[in-house]
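entry.txt, holding compact mmCIF, C-alpha atoms:
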```
# COMPACT_ATOMS: atom_id res chain seq x y z
CA MET J 1 -7.81 -62.32 -122.98
CA PRO J 2 -10.88 -61.77 -120.79
CA SER J 3 -12.53 -58.38 -121.04
CA LYS J 4 -12.46 -55.86 -118.17
CA ARG J 5 -16.19 -56.36 -117.68
CA ARG J 6 -15.71 -60.10 -117.13
CA LEU J 7 -12.91 -59.45 -114.65
CA ARG J 8 -15.12 -56.98 -112.81
CA TRP J 9 -17.93 -59.51 -112.53
CA ALA J 10 -15.45 -62.16 -111.39
CA LEU J 11 -14.46 -59.95 -108.44
CA VAL J 12 -18.07 -59.68 -107.19
CA PRO J 13 -18.27 -63.20 -105.67
CA VAL J 14 -14.80 -62.72 -104.18
CA GLY J 15 -15.98 -59.57 -102.43
CA ILE J 16 -19.17 -61.26 -101.23
CA ALA J 17 -17.18 -64.22 -99.90
CA ALA J 18 -14.82 -61.87 -98.04
CA ALA J 19 -17.77 -60.03 -96.48
CA VAL J 20 -19.36 -63.30 -95.36
CA VAL J 21 -16.09 -64.50 -93.82
CA LEU J 22 -15.62 -61.24 -91.92
CA ALA J 23 -19.24 -61.26 -90.76
CA GLY J 24 -18.70 -64.71 -89.27
CA CYS J 25 -15.66 -63.64 -87.24
CA THR J 26 -15.93 -63.70 -83.48
CA PRO J 27 -15.22 -60.50 -81.48
CA THR J 28 -11.86 -62.00 -80.49
CA GLU J 29 -10.93 -62.54 -84.14
CA LEU J 30 -12.12 -59.06 -85.15
CA ASN J 31 -9.92 -57.62 -82.40
CA GLY J 32 -6.79 -59.34 -83.57
CA PHE J 33 -7.05 -62.28 -81.12
CA LEU J 34 -6.21 -59.92 -78.26
CA PRO J 35 -7.47 -60.78 -74.76
CA GLY J 36 -10.20 -58.72 -73.13
CA PHE J 37 -13.15 -59.68 -75.35
CA VAL J 38 -15.90 -62.30 -75.06
CA GLU J 39 -18.40 -63.78 -77.48
CA ASP J 40 -21.00 -61.03 -76.97
CA GLY J 41 -18.39 -58.41 -77.85
CA THR J 42 -18.35 -56.65 -74.45
CA PRO J 43 -14.84 -55.31 -73.77
CA ALA J 44 -13.30 -55.51 -70.31
CA THR J 45 -13.11 -51.71 -69.91
CA ASP J 46 -14.21 -48.57 -71.72
CA ARG J 47 -10.65 -48.22 -73.05
CA THR J 48 -10.00 -51.79 -74.22
CA GLU J 49 -11.63 -51.41 -77.63
CA MET J 50 -9.61 -48.26 -78.33
CA VAL J 51 -6.33 -50.07 -77.70
CA SER J 52 -7.49 -53.01 -79.79
CA GLY J 53 -8.55 -50.75 -82.65
CA LEU J 54 -5.19 -48.99 -82.73
CA TRP J 55 -3.36 -52.32 -82.73
CA THR J 56 -5.55 -54.12 -85.29
CA ASN J 57 -5.89 -51.23 -87.74
CA SER J 58 -2.12 -50.64 -87.64
CA TRP J 59 -1.51 -54.27 -88.60
CA ILE J 60 -4.07 -54.06 -91.43
CA VAL J 61 -2.33 -51.00 -92.89
CA LEU J 62 1.07 -52.64 -92.52
CA LEU J 63 -0.20 -55.83 -94.16
CA VAL J 64 -1.52 -53.85 -97.15
CA VAL J 65 1.85 -52.10 -97.46
CA GLY J 66 3.58 -55.47 -97.22
CA VAL J 67 1.39 -57.05 -99.90
CA VAL J 68 2.00 -54.13 -102.29
CA THR J 69 5.75 -54.24 -101.59
CA TRP J 70 5.99 -58.01 -102.04
CA GLY J 71 3.90 -57.78 -105.22
CA LEU J 72 6.17 -55.12 -106.73
CA MET J 73 9.25 -57.12 -105.78
CA GLY J 74 7.80 -60.23 -107.42
CA TRP J 75 6.72 -58.31 -110.52
CA ALA J 76 10.20 -56.75 -110.91
CA ALA J 77 11.88 -60.12 -110.48
CA ILE J 78 9.71 -61.66 -113.21
CA ALA J 79 9.43 -58.75 -115.63
CA TYR J 80 13.12 -57.92 -115.60
CA ARG J 81 14.55 -61.40 -115.34
CA ARG J 82 17.37 -62.41 -117.67
CA ARG J 83 15.94 -63.88 -120.86
CA LYS J 84 17.45 -66.71 -122.83
CA GLY J 85 20.31 -65.48 -124.94
CA GLN J 86 20.80 -62.26 -123.00
CA VAL J 87 24.29 -61.45 -121.79
CA GLY J 88 25.82 -58.65 -119.76
CA LEU J 89 24.00 -56.16 -117.59
CA PRO J 90 20.61 -54.66 -118.44
CA VAL J 91 20.27 -50.98 -119.21
CA GLN J 92 21.06 -49.03 -116.04
CA LEU J 93 18.85 -46.14 -114.90
CA ARG J 94 20.29 -43.37 -112.75
CA TYR J 95 16.95 -42.41 -111.25
CA ASN J 96 13.21 -42.41 -111.76
CA MET J 97 11.67 -39.26 -110.36
CA PRO J 98 8.04 -40.48 -110.02
CA ILE J 99 9.14 -43.64 -108.19
CA GLU J 100 11.49 -41.71 -105.91
CA ILE J 101 8.71 -39.27 -105.03
CA PHE J 102 6.40 -42.21 -104.41
CA TYR J 103 8.68 -44.07 -102.00
CA THR J 104 9.48 -40.83 -100.16
CA ILE J 105 5.97 -39.41 -99.80
CA VAL J 106 4.07 -42.62 -99.02
CA PRO J 107 6.24 -43.66 -96.02
CA PHE J 108 6.08 -40.07 -94.77
CA ILE J 109 2.27 -40.15 -94.90
CA LEU J 110 2.20 -43.53 -93.13
CA VAL J 111 4.48 -42.33 -90.33
CA ILE J 112 2.46 -39.14 -89.83
CA GLY J 113 -0.77 -41.15 -89.84
CA PHE J 114 0.49 -43.67 -87.27
CA PHE J 115 1.75 -40.84 -85.09
CA ALA J 116 -1.52 -38.90 -85.30
CA PHE J 117 -3.75 -41.83 -84.35
CA THR J 118 -1.36 -42.96 -81.60
CA ALA J 119 -1.15 -39.45 -80.13
CA ARG J 120 -4.94 -39.09 -80.26
CA ASP J 121 -5.60 -42.38 -78.47
CA GLN J 122 -2.77 -41.90 -75.98
CA THR J 123 -4.18 -38.52 -74.97
CA ILE J 124 -7.54 -40.13 -74.21
CA LEU J 125 -6.00 -43.13 -72.42
CA GLU J 126 -3.79 -40.91 -70.26
CA THR J 127 -6.56 -38.46 -69.30
CA GLN J 128 -7.23 -38.93 -65.59
CA TYR J 129 -10.62 -38.60 -63.91
CA ASP J 130 -10.81 -35.55 -61.62
CA ASP J 131 -13.64 -36.93 -59.51
CA PRO J 132 -13.74 -40.75 -59.90
CA ASP J 133 -16.31 -42.96 -58.22
CA VAL J 134 -13.49 -45.10 -56.79
CA SER J 135 -9.91 -44.16 -55.85
CA ILE J 136 -7.42 -46.96 -55.20
CA THR J 137 -3.71 -47.07 -54.45
CA ALA J 138 -1.84 -50.08 -55.86
CA ILE J 139 1.64 -50.60 -54.41
CA GLY J 140 4.23 -52.90 -55.96
CA LYS J 141 6.90 -54.54 -53.80
CA GLN J 142 9.34 -57.40 -54.19
CA TRP J 143 7.43 -59.55 -55.02
CA SER J 144 3.76 -58.92 -54.41
CA TRP J 145 1.10 -56.23 -54.26
CA ASP J 146 -0.67 -54.10 -51.65
CA PHE J 147 -3.99 -52.40 -52.36
CA MET J 148 -5.53 -49.49 -50.46
CA TYR J 149 -9.09 -48.40 -51.14
CA ASP J 150 -8.85 -44.70 -50.36
CA GLY J 151 -11.42 -43.08 -48.15
CA GLU J 152 -12.82 -39.56 -48.08
CA GLU J 153 -10.30 -38.21 -45.55
CA GLU J 154 -7.01 -36.65 -46.66
CA ASP J 155 -5.07 -38.68 -44.10
CA ASN J 156 -6.67 -41.95 -45.32
CA SER J 157 -7.93 -42.61 -41.80
CA ASP J 158 -11.11 -44.17 -43.21
CA ALA J 159 -9.36 -46.13 -45.95
CA VAL J 160 -9.18 -49.94 -46.00
CA TRP J 161 -6.42 -52.14 -47.37
CA THR J 162 -5.02 -55.58 -48.09
CA MET J 163 -1.39 -56.74 -48.20
CA GLY J 164 -0.53 -59.49 -50.62
CA VAL J 165 1.98 -62.33 -50.51
CA GLN J 166 4.23 -63.63 -53.25
CA ALA J 167 2.84 -66.48 -55.33
CA LYS J 168 4.22 -69.87 -54.38
CA PRO J 169 3.85 -72.54 -57.06
CA ALA J 170 3.10 -76.15 -56.18
CA PRO J 171 5.62 -78.87 -57.14
CA ASN J 172 3.74 -79.37 -60.41
CA GLY J 173 4.04 -75.65 -61.20
CA ASP J 174 0.38 -74.73 -60.55
CA ILE J 175 -0.38 -71.47 -58.73
CA ASP J 176 -2.96 -71.34 -55.96
CA GLN J 177 -5.14 -68.55 -57.33
CA ASP J 178 -6.99 -68.07 -54.05
CA SER J 179 -3.77 -67.09 -52.30
CA LEU J 180 -2.93 -64.29 -54.73
CA PRO J 181 -3.58 -60.65 -53.78
CA THR J 182 -6.88 -59.58 -55.29
CA LEU J 183 -7.97 -56.13 -56.40
CA TYR J 184 -11.72 -55.53 -56.32
CA LEU J 185 -13.34 -53.08 -58.74
CA PRO J 186 -17.02 -52.10 -59.15
CA VAL J 187 -18.45 -52.57 -62.62
CA ASP J 188 -19.53 -49.47 -64.58
CA GLN J 189 -17.93 -47.14 -62.03
CA THR J 190 -15.13 -44.71 -62.87
CA VAL J 191 -11.86 -45.86 -61.30
CA LYS J 192 -8.61 -44.00 -60.71
CA ILE J 193 -5.62 -46.02 -59.54
CA LYS J 194 -2.54 -44.42 -58.01
CA LEU J 195 0.50 -46.58 -58.75
CA GLN J 196 3.42 -46.64 -56.31
CA SER J 197 6.48 -48.78 -55.65
CA ARG J 198 8.07 -49.69 -52.31
CA ASP J 199 11.48 -50.64 -53.74
CA VAL J 200 12.39 -50.99 -57.43
CA ILE J 201 10.64 -50.29 -60.74
CA HIS J 202 7.58 -52.48 -61.26
CA SER J 203 4.87 -52.42 -63.93
CA PHE J 204 1.15 -52.83 -63.21
CA TRP J 205 -0.41 -54.95 -65.95
CA ILE J 206 -3.98 -56.28 -66.07
CA ILE J 207 -3.75 -58.44 -69.17
CA ASP J 208 -7.35 -58.30 -70.40
CA PHE J 209 -7.43 -54.51 -69.96
CA LEU J 210 -4.73 -54.22 -72.67
CA TYR J 211 -2.78 -51.57 -70.77
CA LYS J 212 0.06 -51.37 -68.31
CA LYS J 213 1.85 -48.61 -66.44
CA ASP J 214 5.19 -48.45 -64.66
CA MET J 215 5.64 -47.80 -60.95
CA TYR J 216 8.62 -45.80 -59.72
CA ILE J 217 10.18 -44.80 -56.43
CA GLY J 218 9.44 -41.16 -55.68
CA LYS J 219 7.03 -40.66 -58.59
CA ASP J 220 3.38 -41.62 -58.50
CA ASN J 221 1.72 -42.79 -61.69
CA TYR J 222 -2.02 -42.83 -62.39
CA TRP J 223 -4.44 -44.85 -64.50
CA SER J 224 -8.13 -44.04 -65.04
CA PHE J 225 -10.74 -46.28 -66.66
CA THR J 226 -14.19 -47.79 -66.21
CA PRO J 227 -14.59 -51.60 -65.89
CA THR J 228 -17.50 -52.67 -68.08
CA ARG J 229 -17.73 -56.43 -67.57
CA GLU J 230 -17.87 -58.47 -64.38
CA GLY J 231 -15.39 -61.28 -64.04
CA THR J 232 -11.97 -62.30 -62.74
CA TYR J 233 -8.89 -61.13 -64.60
CA ALA J 234 -5.21 -61.99 -64.28
CA GLY J 235 -2.58 -59.38 -63.48
CA LYS J 236 1.19 -59.44 -63.16
CA CYS J 237 4.30 -57.31 -62.99
CA ALA J 238 5.56 -56.57 -66.50
CA GLU J 239 8.96 -55.13 -65.53
CA LEU J 240 11.87 -57.39 -64.56
CA CYS J 241 12.21 -56.54 -60.88
CA GLY J 242 14.37 -59.23 -59.32
CA GLU J 243 14.71 -62.92 -58.61
CA TYR J 244 11.01 -63.75 -58.14
CA HIS J 245 9.60 -61.37 -60.73
CA SER J 246 7.63 -64.19 -62.38
CA MET J 247 5.82 -64.86 -59.09
CA MET J 248 4.60 -61.27 -58.72
CA LEU J 249 1.01 -62.09 -59.66
CA PHE J 250 -2.40 -60.78 -58.67
CA ASN J 251 -6.06 -61.11 -59.61
CA VAL J 252 -8.67 -58.49 -60.38
CA LYS J 253 -12.33 -59.10 -59.59
CA VAL J 254 -14.85 -56.79 -61.26
CA VAL J 255 -18.05 -57.12 -59.28
CA SER J 256 -21.35 -55.34 -58.74
CA GLU J 257 -21.34 -52.15 -56.69
CA GLU J 258 -23.15 -53.94 -53.86
CA GLU J 259 -20.59 -56.75 -53.75
CA TYR J 260 -17.78 -54.20 -53.86
CA GLU J 261 -19.18 -52.35 -50.84
CA ASP J 262 -19.62 -55.64 -48.98
CA TYR J 263 -15.96 -56.44 -49.63
CA LEU J 264 -14.82 -53.09 -48.24
CA GLU J 265 -17.00 -53.67 -45.20
CA SER J 266 -15.35 -57.05 -44.62
CA LEU J 267 -11.95 -55.32 -44.56
CA ARG J 268 -13.21 -52.84 -41.99
CA ALA J 269 -14.56 -55.67 -39.86
CA ALA J 270 -11.13 -57.33 -40.04
CA GLY J 271 -9.49 -54.16 -38.70
CA GLN J 272 -7.59 -53.42 -41.92
CA THR J 273 -8.27 -49.69 -41.82
CA GLY J 274 -6.26 -46.48 -41.96
CA ASP J 275 -3.21 -45.58 -44.00
CA ILE J 276 -1.59 -48.71 -45.41
CA ASP J 277 1.91 -47.23 -45.02
CA ASP J 278 1.40 -46.93 -41.25
CA ALA J 279 0.31 -50.56 -41.08
CA TYR J 280 3.24 -51.63 -43.25
CA ASP J 281 5.73 -49.81 -41.02
CA ARG J 282 4.26 -51.40 -37.90
CA LEU J 283 4.61 -54.86 -39.43
CA GLN J 284 8.18 -54.12 -40.48
CA ASN J 285 9.08 -53.44 -36.85
CA LEU J 286 7.50 -56.55 -35.36
CA PRO J 287 9.99 -58.78 -33.49
CA GLY J 288 11.17 -61.69 -35.61
CA THR J 289 10.04 -60.23 -38.93
CA THR J 290 12.06 -60.67 -42.08
CA GLY J 291 11.45 -57.18 -43.35
CA GLU J 292 8.55 -58.01 -45.66
CA ALA J 293 5.15 -56.97 -44.38
CA SER J 294 3.34 -59.22 -46.80
CA GLU J 295 4.62 -62.25 -44.92
CA HIS J 296 2.40 -61.32 -41.96
CA GLU J 297 -0.74 -60.00 -43.61
CA GLY J 298 -2.56 -62.01 -46.26
CA ASP J 299 -5.23 -60.81 -48.65
CA SER J 300 -8.69 -61.03 -47.14
```

Show me, as structure tokens, the structure contained in the file I just sent.
Amino acid sequence: MPSKRRLRWALVPVGIAAAVVLAGCTPTELNGFLPGFVEDGTPATDRTEMVSGLWTNSWIVLLVVGVVTWGLMGWAAIAYRRRKGQVGLPVQLRYNMPIEIFYTIVPFILVIGFFAFTARDQTILETQYDDPDVSITAIGKQWSWDFMYDGEEEDNSDAVWTMGVQAKPAPNGDIDQDSLPTLYLPVDQTVKIKLQSRDVIHSFWIIDFLYKKDMYIGKDNYWSFTPTREGTYAGKCAELCGEYHSMMLFNVKVVSEEEYEDYLESLRAAGQTGDIDDAYDRLQNLPGTTGEASEHEGDS
């Protein structure tokens, strides 16, 4: 029977090996293989790492609980198995007070802990910027997206906009990414997005940002964050909204502030200015239209 000291020394290389393995993990692996992270560890937004931490740490706690539970189940099955020559039932116990306290208190602590951390992070994630650098209105419709970059005027007379069209896959199933509606965001600038729907319930989901919010008729929703890494990100509707729900796709381009301003200027030059709802209504009333404004105005 090895002594406790020998067992203790035997655990040292195991601990060192575990530390080395964890140190060699990529940011994607350390964040539970969630999207939104690259090799240098830069998250897509200032909120992405918070969501990842809540998700990953929850799974670690649950895995520890699972290992302990499975271990106790295995130990009980082996320690109390029927031995050779034994007959009948083993001695029955009515209760074991320490064990009952244990399996009542520990789950209670876990539930309270999960609730506390979730409530803390949700409060931060749902806090909206009062004076963001950029205000944008994203509008979901069957089955595409409109984006309005709000101006300084209350009537949105100096705003600019784009109207998107539904994705149309090629015969081989590929999607023409250049034809998808594209939302532009400036890197390292605070952003507040107003989320609206033109028809049914949709859900605005930018996959790498690890967050999504629903869009309702008659109730505006809001989402505030700061993009922290330039790049192109995929977005989609995450709420079943009708026949072509799967084709309700869009892209997000996080660019420099200069490139963002140039993009807004290109929309002004194209005449896509003013309140997007006014433009949408005008397109709805054009002779020969099918009732969907996005069929007449593409994303610039």

From J:Asn156, J:Ser135, J:Ser179, J:Thr48, residue lying nearest Thr228 (chain J) [only C-alpha atoms]: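 Smallest distance to Thr228 (chain J) is found for J:Thr48.
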
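CA of Ala79 (chain J) lies 15.2 Å from CA of Gln92 (chain J).
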
Region 118-128 of chain J environment, 8 Å, all atoms listed in the file, sequence neighbours closer than 5 positions dropped, as a list in words: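 The contact residues come out as Arg47, Met50, Val51, Leu54, Lys192, Tyr222, Trp223 and Ser224 of chain J.
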
Test item: residues at most 6 Å from region 229-240 of chain J, all atoms listed in the file, excluding those fewer than 4 positions along its chain, as a PyMOL selection string: chain J and resi 44+202-207+245+248-255

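Of the residues under consideration (J:Trp143, J:Tyr211, J:Phe102, J:Phe225), J:Phe225 shows the shortest atom-to-atom contact distance to Asp188 (chain J) when counting all atoms listed in the file.
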
For Lys219 (chain J), please output as a CSV table (one decimal) with C-alpha atoms, in the coordinates of the input all residues within 12 Å (counting all atoms listed in the file; exclusion window: fewer than 6 positions along the same chain).
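Contents of the output file part.csv:
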```csv
chain,number,residue,atom,x,y,z
J,194,LYS,CA,-2.5,-44.4,-58.0
J,195,LEU,CA,0.5,-46.6,-58.8
J,196,GLN,CA,3.4,-46.6,-56.3
J,197,SER,CA,6.5,-48.8,-55.6
J,198,ARG,CA,8.1,-49.7,-52.3
J,199,ASP,CA,11.5,-50.6,-53.7
J,200,VAL,CA,12.4,-51.0,-57.4
J,201,ILE,CA,10.6,-50.3,-60.7
```

Residue nearest Gly271 (chain J) - candidates J:Val134, J:Val67, J:Val160, J:Leu30, atoms counted: all atoms listed in the file: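 Of all the options, J:Val160 lies closest to Gly271 (chain J).
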
Atomic distance CA of Trp59 (chain J) - CA of Val111 (chain J), expressed in Å with one decimal: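 These two atoms are separated by 13.5 Å.
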
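Pairwise distance (CA of Ile193 (chain J), CA of Glu243 (chain J)) equals 26.5 Å.
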
Expected residue set, 8 Å radius at (-12.5, -65.7, -76.6), all atoms listed in the file, as a ChimeraX atom specification: /J:26-28,33,35,37-39

Selected residue, from J:Thr226, J:Gln166, J:Gln189, J:Asn57, that lies nearest to Glu258 (chain J) when counting all atoms listed in the file: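 Ranking J:Thr226, J:Gln166, J:Gln189, J:Asn57 by distance to Glu258 (chain J), first place goes to J:Gln189.
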
Minimum-distance residue to Thr69 (chain J), chosen among J:Leu89, J:Pro107, J:Tyr280, J:Trp55 (using all atoms listed in the file):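 Comparing J:Leu89, J:Pro107, J:Tyr280, J:Trp55 against Thr69 (chain J), the winner is J:Pro107.
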
Interface rows for region 133-230 of chain J against region 260-267 of chain J: nearest pair, Å to one decimal, 8 Å, all atoms listed in the file, as JSON lines:
```
{"residue": "J:Tyr149", "atom": "CA", "partner": "J:Leu264", "partner_atom": "CA", "distance": 8.0}
{"residue": "J:Val160", "atom": "CA", "partner": "J:Leu267", "partner_atom": "CA", "distance": 6.2}
{"residue": "J:Trp161", "atom": "CA", "partner": "J:Leu267", "partner_atom": "CA", "distance": 7.0}
{"residue": "J:Thr162", "atom": "CA", "partner": "J:Leu267", "partner_atom": "CA", "distance": 7.8}
{"residue": "J:Tyr184", "atom": "CA", "partner": "J:Tyr260", "partner_atom": "CA", "distance": 6.7}
{"residue": "J:Leu185", "atom": "CA", "partner": "J:Tyr260", "partner_atom": "CA", "distance": 6.7}
{"residue": "J:Pro186", "atom": "CA", "partner": "J:Tyr260", "partner_atom": "CA", "distance": 5.7}
```

Given 6 Å on each side, where is the centre and what are the edge lengths in Å to one decimal of the axis-aligned box enclosing the listed atoms of region 158-176 of chain J, as lines of an AutoDock Vina configuration file?
```
center_x = -2.7
center_y = -61.8
center_z = -52.2
size_x = 28.7
size_y = 47.2
size_z = 30.0
```

12 Å contact set for Pro169 (chain J), only C-alpha atoms, chain neighbours under 4 positions out, as a VMD selection string: chain J and resid 173 to 177 179 to 180 244 246 to 249
